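Participant: To be precise about what I am sending: the file is called protein.txt and holds compact mmCIF, C-alpha atoms.
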# COMPACT_ATOMS: atom_id res chain seq x y z
CA MET P 1 15.36 15.87 1.39
CA HIS P 2 16.84 14.31 -1.73
CA ALA P 3 16.06 10.82 -2.92
CA ARG P 4 18.38 8.13 -1.66
CA ASN P 5 19.12 4.73 -3.09
CA ASP P 6 20.31 3.16 0.14
CA TRP P 7 16.98 2.16 1.65
CA PHE P 8 16.68 -1.37 2.96
CA THR P 9 13.32 -3.10 2.76
CA ARG P 10 11.92 -6.13 4.47
CA ALA P 11 8.68 -7.63 5.70
CA GLN P 12 7.65 -6.25 9.04
CA THR P 13 8.20 -8.35 12.14
CA GLY P 14 6.20 -8.28 15.35
CA ALA P 15 8.88 -6.03 16.80
CA ASP P 16 7.99 -3.36 14.19
CA THR P 17 4.36 -2.91 15.27
CA LEU P 18 4.93 0.19 17.39
CA ALA P 19 7.38 1.73 14.90
CA ILE P 20 4.80 1.32 12.10
CA ARG P 21 2.12 2.94 14.27
CA ASP P 22 4.52 5.82 14.99
CA ILE P 23 5.30 6.24 11.27
CA ASN P 24 1.58 6.49 10.45
CA LEU P 25 0.86 8.84 13.36
CA ALA P 26 3.70 11.13 12.23
CA ALA P 27 2.85 10.99 8.51
CA PHE P 28 -0.87 11.77 8.73
CA GLU P 29 -2.84 14.58 10.38
CA THR P 30 -5.14 12.21 12.30
CA PRO P 31 -4.70 8.74 13.83
CA LEU P 32 -7.10 7.20 11.27
CA GLU P 33 -4.38 5.46 9.22
CA ALA P 34 -2.51 4.20 12.29
CA ASP P 35 -5.77 2.84 13.69
CA LEU P 36 -6.58 1.30 10.30
CA VAL P 37 -3.27 -0.61 10.25
CA ASP P 38 -3.95 -1.91 13.76
CA ALA P 39 -7.48 -2.99 12.78
CA LEU P 40 -6.26 -4.66 9.58
CA ARG P 41 -3.59 -6.55 11.52
CA ALA P 42 -6.45 -8.25 13.42
CA ASP P 43 -8.60 -8.81 10.30
CA PRO P 44 -8.72 -11.85 7.99
CA ALA P 45 -7.62 -9.50 5.16
CA TRP P 46 -4.10 -9.35 6.70
CA ILE P 47 -1.51 -11.37 4.75
CA ASP P 48 1.75 -12.11 6.54
CA GLY P 49 4.68 -10.87 4.48
CA LEU P 50 2.79 -8.06 2.73
CA SER P 51 3.43 -5.35 5.33
CA LEU P 52 6.78 -3.93 4.25
CA VAL P 53 9.06 -1.42 5.90
CA ALA P 54 11.83 0.75 4.50
CA THR P 55 14.65 1.00 7.02
CA ASP P 56 17.86 2.90 7.45
CA ALA P 57 21.23 1.14 7.76
CA ASP P 58 20.51 0.56 11.47
CA ASP P 59 17.29 -1.34 10.59
CA LYS P 60 15.06 1.44 11.97
CA PRO P 61 11.72 1.48 10.09
CA LEU P 62 11.10 4.93 8.58
CA GLY P 63 8.62 4.04 5.83
CA HIS P 64 5.78 1.53 5.52
CA ALA P 65 3.58 0.08 2.78
CA LEU P 66 0.71 -2.31 3.46
CA LEU P 67 -1.12 -4.67 1.11
CA THR P 68 -4.24 -6.42 2.38
CA ARG P 69 -6.87 -8.61 0.73
CA CYS P 70 -9.73 -7.01 -1.13
CA HIS P 71 -11.80 -8.25 -4.05
CA LEU P 72 -12.85 -6.99 -7.46
CA ASP P 73 -16.38 -8.39 -7.29
CA ASP P 74 -15.40 -12.00 -6.47
CA THR P 75 -11.84 -11.90 -7.81
CA PRO P 76 -9.13 -11.75 -5.12
CA ALA P 77 -6.99 -8.62 -5.29
CA LEU P 78 -4.88 -6.52 -2.95
CA CYS P 79 -5.42 -3.03 -1.58
CA LEU P 80 -2.35 -0.81 -1.15
CA ALA P 81 -3.08 1.33 1.91
CA PRO P 82 -1.74 3.03 3.77
CA VAL P 83 1.68 4.07 2.53
CA ALA P 84 3.45 6.25 5.08
CA VAL P 85 6.88 7.78 5.67
CA ARG P 86 8.09 9.75 8.68
CA PRO P 87 7.83 13.42 7.66
CA GLU P 88 11.55 14.11 7.93
CA TYR P 89 12.21 11.31 5.40
CA GLN P 90 9.41 12.10 2.92
CA ARG P 91 10.61 12.65 -0.65
CA SER P 92 13.74 10.63 0.12
CA GLY P 93 12.69 7.45 -1.68
CA ALA P 94 11.61 5.54 1.46
CA GLY P 95 7.98 5.31 0.33
CA THR P 96 8.97 4.27 -3.18
CA ALA P 97 11.28 1.59 -1.76
CA ALA P 98 8.54 0.25 0.54
CA VAL P 99 5.92 0.19 -2.24
CA ARG P 100 8.28 -1.51 -4.71
CA ALA P 101 9.16 -4.12 -2.07
CA ALA P 102 5.48 -4.72 -1.27
CA LEU P 103 4.56 -5.14 -4.94
CA ALA P 104 7.51 -7.50 -5.50
CA ALA P 105 6.51 -9.58 -2.46
CA ALA P 106 2.92 -9.77 -3.74
CA LYS P 107 4.04 -10.83 -7.21
CA GLU P 108 6.34 -13.46 -5.72
CA ARG P 109 3.34 -14.88 -3.84
CA GLY P 110 1.38 -15.19 -7.09
CA GLU P 111 -0.93 -12.27 -6.46
CA ARG P 112 -2.24 -10.65 -9.64
CA TYR P 113 -4.09 -7.40 -8.95
CA VAL P 114 -3.59 -4.34 -6.76
CA VAL P 115 -5.81 -1.30 -6.28
CA VAL P 116 -4.94 1.98 -4.61
CA LEU P 117 -6.91 5.07 -3.75
CA GLY P 118 -4.29 7.79 -3.62
CA TYR P 119 -2.37 10.63 -5.20
CA PRO P 120 -2.62 10.42 -9.00
CA ALA P 121 0.83 12.02 -9.38
CA TYR P 122 2.56 9.39 -7.20
CA TYR P 123 1.32 5.90 -7.99
CA PRO P 124 1.71 5.77 -11.81
CA ARG P 125 5.50 5.41 -11.29
CA PHE P 126 4.74 1.87 -10.11
CA GLY P 127 2.59 1.05 -13.13
CA PHE P 128 -0.80 1.98 -11.68
CA THR P 129 -3.34 3.33 -14.16
CA ARG P 130 -6.80 4.82 -13.82
CA ALA P 131 -9.06 2.01 -12.57
CA SER P 132 -12.13 3.26 -14.43
CA ALA P 133 -10.35 2.48 -17.72
CA HIS P 134 -10.56 -1.19 -16.69
CA GLY P 135 -14.16 -1.02 -15.45
CA ILE P 136 -13.07 -0.96 -11.79
CA ARG P 137 -15.07 1.22 -9.42
CA VAL P 138 -15.76 1.82 -5.73
CA THR P 139 -19.01 2.37 -3.87
CA ILE P 140 -18.00 5.79 -2.53
CA ASP P 141 -17.59 9.08 -4.35
CA VAL P 142 -13.90 9.60 -5.18
CA PRO P 143 -12.12 11.55 -7.92
CA ASP P 144 -11.82 9.25 -10.94
CA GLU P 145 -8.06 9.79 -11.24
CA ALA P 146 -7.48 8.85 -7.55
CA LEU P 147 -8.63 5.23 -7.93
CA MET P 148 -5.90 3.28 -9.68
CA ALA P 149 -5.17 -0.36 -10.40
CA LEU P 150 -2.24 -2.52 -11.46
CA THR P 151 -1.84 -6.06 -12.74
CA LEU P 152 1.25 -7.85 -11.42
CA ASP P 153 1.00 -10.42 -14.21
CA GLU P 154 0.64 -9.02 -17.73
CA THR P 155 -0.88 -12.32 -18.91
CA HIS P 156 -3.86 -11.58 -16.64
CA PRO P 157 -5.46 -8.23 -17.51
CA LEU P 158 -7.30 -6.38 -14.76
CA PRO P 159 -10.86 -7.65 -14.39
CA PRO P 160 -13.71 -5.17 -14.15
CA GLY P 161 -15.68 -4.98 -10.94
CA THR P 162 -16.45 -3.11 -7.76
CA VAL P 163 -13.72 -3.04 -5.14
CA ARG P 164 -14.81 -4.80 -1.96
CA TYR P 165 -12.51 -3.61 0.82
CA ALA P 166 -11.77 -5.36 4.10
CA ALA P 167 -14.20 -4.42 6.88
CA PRO P 168 -11.79 -2.09 8.76
CA PHE P 169 -11.84 0.32 5.80
CA GLY P 170 -15.53 0.98 6.47
CA ILE P 171 -16.28 1.20 2.74
Would you give me this structure, written as structure tokens?
Facilitator:
Amino acid sequence: MHARNDWFTRAQTGADTLAIRDINLAAFETPLEADLVDALRADPAWIDGLSLVATDADDKPLGHALLTRCHLDDTPALCLAPVAVRPEYQRSGAGTAAVRAALAAAKERGERYVVVLGYPAYYPRFGFTRASAHGIRVTIDVPDEALMALTLDETHPLPPGTVRYAAPFGI
């Protein structure tokens, strides 16, 4: 599928809960990510307005990006995970639209830092860089290039520290 520029994005509503679960179930090989979203929704790390969907012209959610609270040592930050798109719409720009909308919503709320553990070829387009270059690490063994971080406010450089994820991540 070719990239499209006609994606609509918005914060998820309660009516989107099942659609978001379906997107994650379709996008991933196991239900782990779908279950993670459900667990995060019930966790104090959940921040209303930072679960974004990419929809078609009929307002049907086809992509999803979630930001939840984490910390870099004691500094509040956000964790971008999961990002999911229905398989038939992958590589169409739906994921990019959802991530851009989520990052914009976070910046608008005054959030400063975001971390992601993901594909090193995908996330740099949003400004993410290798976290280790900023002294940011995790307590599990991951490829160095897969842990990335971003500051949403250039006047506040990324602080070093260990990422403390919300409990549902199990990290």
Participant: Counting all atoms listed in the file, which residues sit no farther than 10 Å from the position (9.6, -6.2, 12.6) in the file's frame? I'd like them as a list in words.
Facilitator: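 Here is the list of nearby residues: Arg10, Ala11, Gln12, Thr13, Gly14, Ala15, Asp16, Thr17, Leu18, Ala19, Ile20, Ser51, Leu52, Val53, Asp59, Lys60 and Pro61 of chain P.
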Participant: Compile the contact shell of Gly161 (chain P) as a compact mmCIF listing (two decimals) with C-alpha atoms, in the coordinates of the input: residues with an atom at most 6 Å away, counting only C-alpha atoms, same-chain residues fewer than 6 positions apart removed.
Facilitator:
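As written to disk, selection.txt reads:
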# COMPACT_ATOMS: atom_id res chain seq x y z
CA LEU P 72 -12.85 -6.99 -7.46
CA ASP P 73 -16.38 -8.39 -7.29
CA ILE P 136 -13.07 -0.96 -11.79
Participant: At what distance in Å, to one decimal, does CA of Ala167 (chain P) lie from CA of His134 (chain P)?
Facilitator: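 Here the two named atoms are 24.1 Å from each other.
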Participant: Given the point (10.6, -2.0, -5.4) in the coordinates of this file, which residues lie within 12 Å, counting only C-alpha atoms, and how would they look as JSON, numbers by chain?
Facilitator: {"P": [5, 7, 8, 9, 10, 52, 53, 54, 65, 93, 94, 95, 96, 97, 98, 99, 100, 101, 102, 103, 104, 105, 106, 107, 125, 126, 127]}
Participant: Would you mind telling me which residue in P:Pro124, P:Pro44, P:Gly118, P:Pro143 lies nearest to Ala166 (chain P) when using all atoms listed in the file?
Facilitator: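 Comparing P:Pro124, P:Pro44, P:Gly118, P:Pro143 against Ala166 (chain P), the winner is P:Pro44.
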Participant: Looking at P:Thr129, P:Tyr113, P:Gly170, P:Pro87, which one is nearest to Thr155 (chain P), with distances taken over only C-alpha atoms?
Facilitator: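 So, comparing all the options, the nearest one is P:Tyr113.
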Participant: Determine the nearest neighbour of Asp22 (chain P) from the options P:Arg86, P:Leu36, P:Pro159, P:Val138, counting only C-alpha atoms.
Facilitator: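 Under the stated criterion, the closest residue is P:Arg86.
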Participant: Could you please determine the separation between CA of Pro120 (chain P) and CA of Glu154 (chain P) in Å, to one decimal place?
Facilitator: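 Computing it gives 21.6 Å between the two atoms.
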Participant: Looking at P:Val114, P:Leu25, P:Leu152, P:Val85, which one is nearest to Leu62 (chain P), with distances taken over all atoms listed in the file?
Facilitator: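 Among the listed residues, P:Val85 lies closest to Leu62 (chain P).
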Participant: From the options P:Asp58, P:Asp43, P:Glu29, P:Glu111, which residue's atoms come nearest to Ala84 (chain P), counting only C-alpha atoms?
Facilitator: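 Nearest candidate to Ala84 (chain P) out of P:Asp58, P:Asp43, P:Glu29, P:Glu111: P:Glu29.
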Participant: Using all atoms listed in the file, which of P:Ala121, P:Ala57, P:Ala42, P:Val163 sits nearest Cys70 (chain P)?
Facilitator: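 Between P:Ala121, P:Ala57, P:Ala42, P:Val163, the residue approaching Cys70 (chain P) most closely is P:Val163.
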Participant: Would you mind reading off the distance between CA of Ile171 (chain P) and CA of Leu40 (chain P), one decimal, in Å?
Facilitator: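 About the pair CA of Ile171 (chain P) and CA of Leu40 (chain P): they are 13.5 Å apart.
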Participant: Which neighbours of Glu33 (chain P) fall inside 8 Å, counting all atoms listed in the file, when residues of the same chain fewer than 5 positions from it are skipped, and could you give them as a PyMOL selection string?
Facilitator: chain P and resi 24-25+28+82
Participant: Calculate, to one decimal in Å, the centre and edge lengths of the box along x, y and z of the file that holds all listed atoms of region 109-126 of chain P with 6 Å of margin on each side, and present them as JSON.
Facilitator:
{"center_x": -0.7, "center_y": -1.6, "center_z": -7.7, "size_x": 24.4, "size_y": 39.2, "size_z": 20.2}
Participant: Regenerate region 67-81 of chain P at the level of N, CA and C atoms and dump it as a tab-separated table (two decimals), keeping the file's coordinate frame.
Facilitator:
chain	number	residue	atom	x	y	z
P	67	LEU	N	-0.19	-4.04	2.05
P	67	LEU	CA	-1.12	-4.67	1.11
P	67	LEU	C	-2.00	-5.63	1.89
P	68	THR	N	-3.30	-5.50	1.75
P	68	THR	CA	-4.24	-6.42	2.38
P	68	THR	C	-5.24	-6.91	1.33
P	69	ARG	N	-5.92	-8.01	1.66
P	69	ARG	CA	-6.87	-8.61	0.73
P	69	ARG	C	-8.09	-7.73	0.51
P	70	CYS	N	-8.44	-7.58	-0.73
P	70	CYS	CA	-9.73	-7.01	-1.13
P	70	CYS	C	-10.20	-7.87	-2.29
P	71	HIS	N	-11.29	-7.51	-2.89
P	71	HIS	CA	-11.80	-8.25	-4.05
P	71	HIS	C	-12.31	-7.27	-5.09
P	72	LEU	N	-12.21	-7.69	-6.34
P	72	LEU	CA	-12.85	-6.99	-7.46
P	72	LEU	C	-14.04	-7.87	-7.82
P	73	ASP	N	-15.22	-7.50	-7.34
P	73	ASP	CA	-16.38	-8.39	-7.29
P	73	ASP	C	-15.95	-9.64	-6.52
P	74	ASP	N	-15.81	-10.79	-7.19
P	74	ASP	CA	-15.40	-12.00	-6.47
P	74	ASP	C	-13.96	-12.39	-6.72
P	75	THR	N	-13.23	-11.59	-7.49
P	75	THR	CA	-11.84	-11.90	-7.81
P	75	THR	C	-10.91	-11.37	-6.73
P	76	PRO	N	-10.08	-12.23	-6.14
P	76	PRO	CA	-9.13	-11.75	-5.12
P	76	PRO	C	-8.17	-10.72	-5.69
P	77	ALA	N	-7.94	-9.67	-4.92
P	77	ALA	CA	-6.99	-8.62	-5.29
P	77	ALA	C	-6.37	-8.11	-3.98
P	78	LEU	N	-5.51	-7.13	-4.11
P	78	LEU	CA	-4.88	-6.52	-2.95
P	78	LEU	C	-5.16	-5.02	-2.95
P	79	CYS	N	-5.24	-4.46	-1.77
P	79	CYS	CA	-5.42	-3.03	-1.58
P	79	CYS	C	-4.12	-2.47	-1.00
P	80	LEU	N	-3.56	-1.48	-1.65
P	80	LEU	CA	-2.35	-0.81	-1.15
P	80	LEU	C	-2.79	0.38	-0.32
P	81	ALA	N	-2.70	0.23	1.01
P	81	ALA	CA	-3.08	1.33	1.91
P	81	ALA	C	-2.88	0.90	3.36
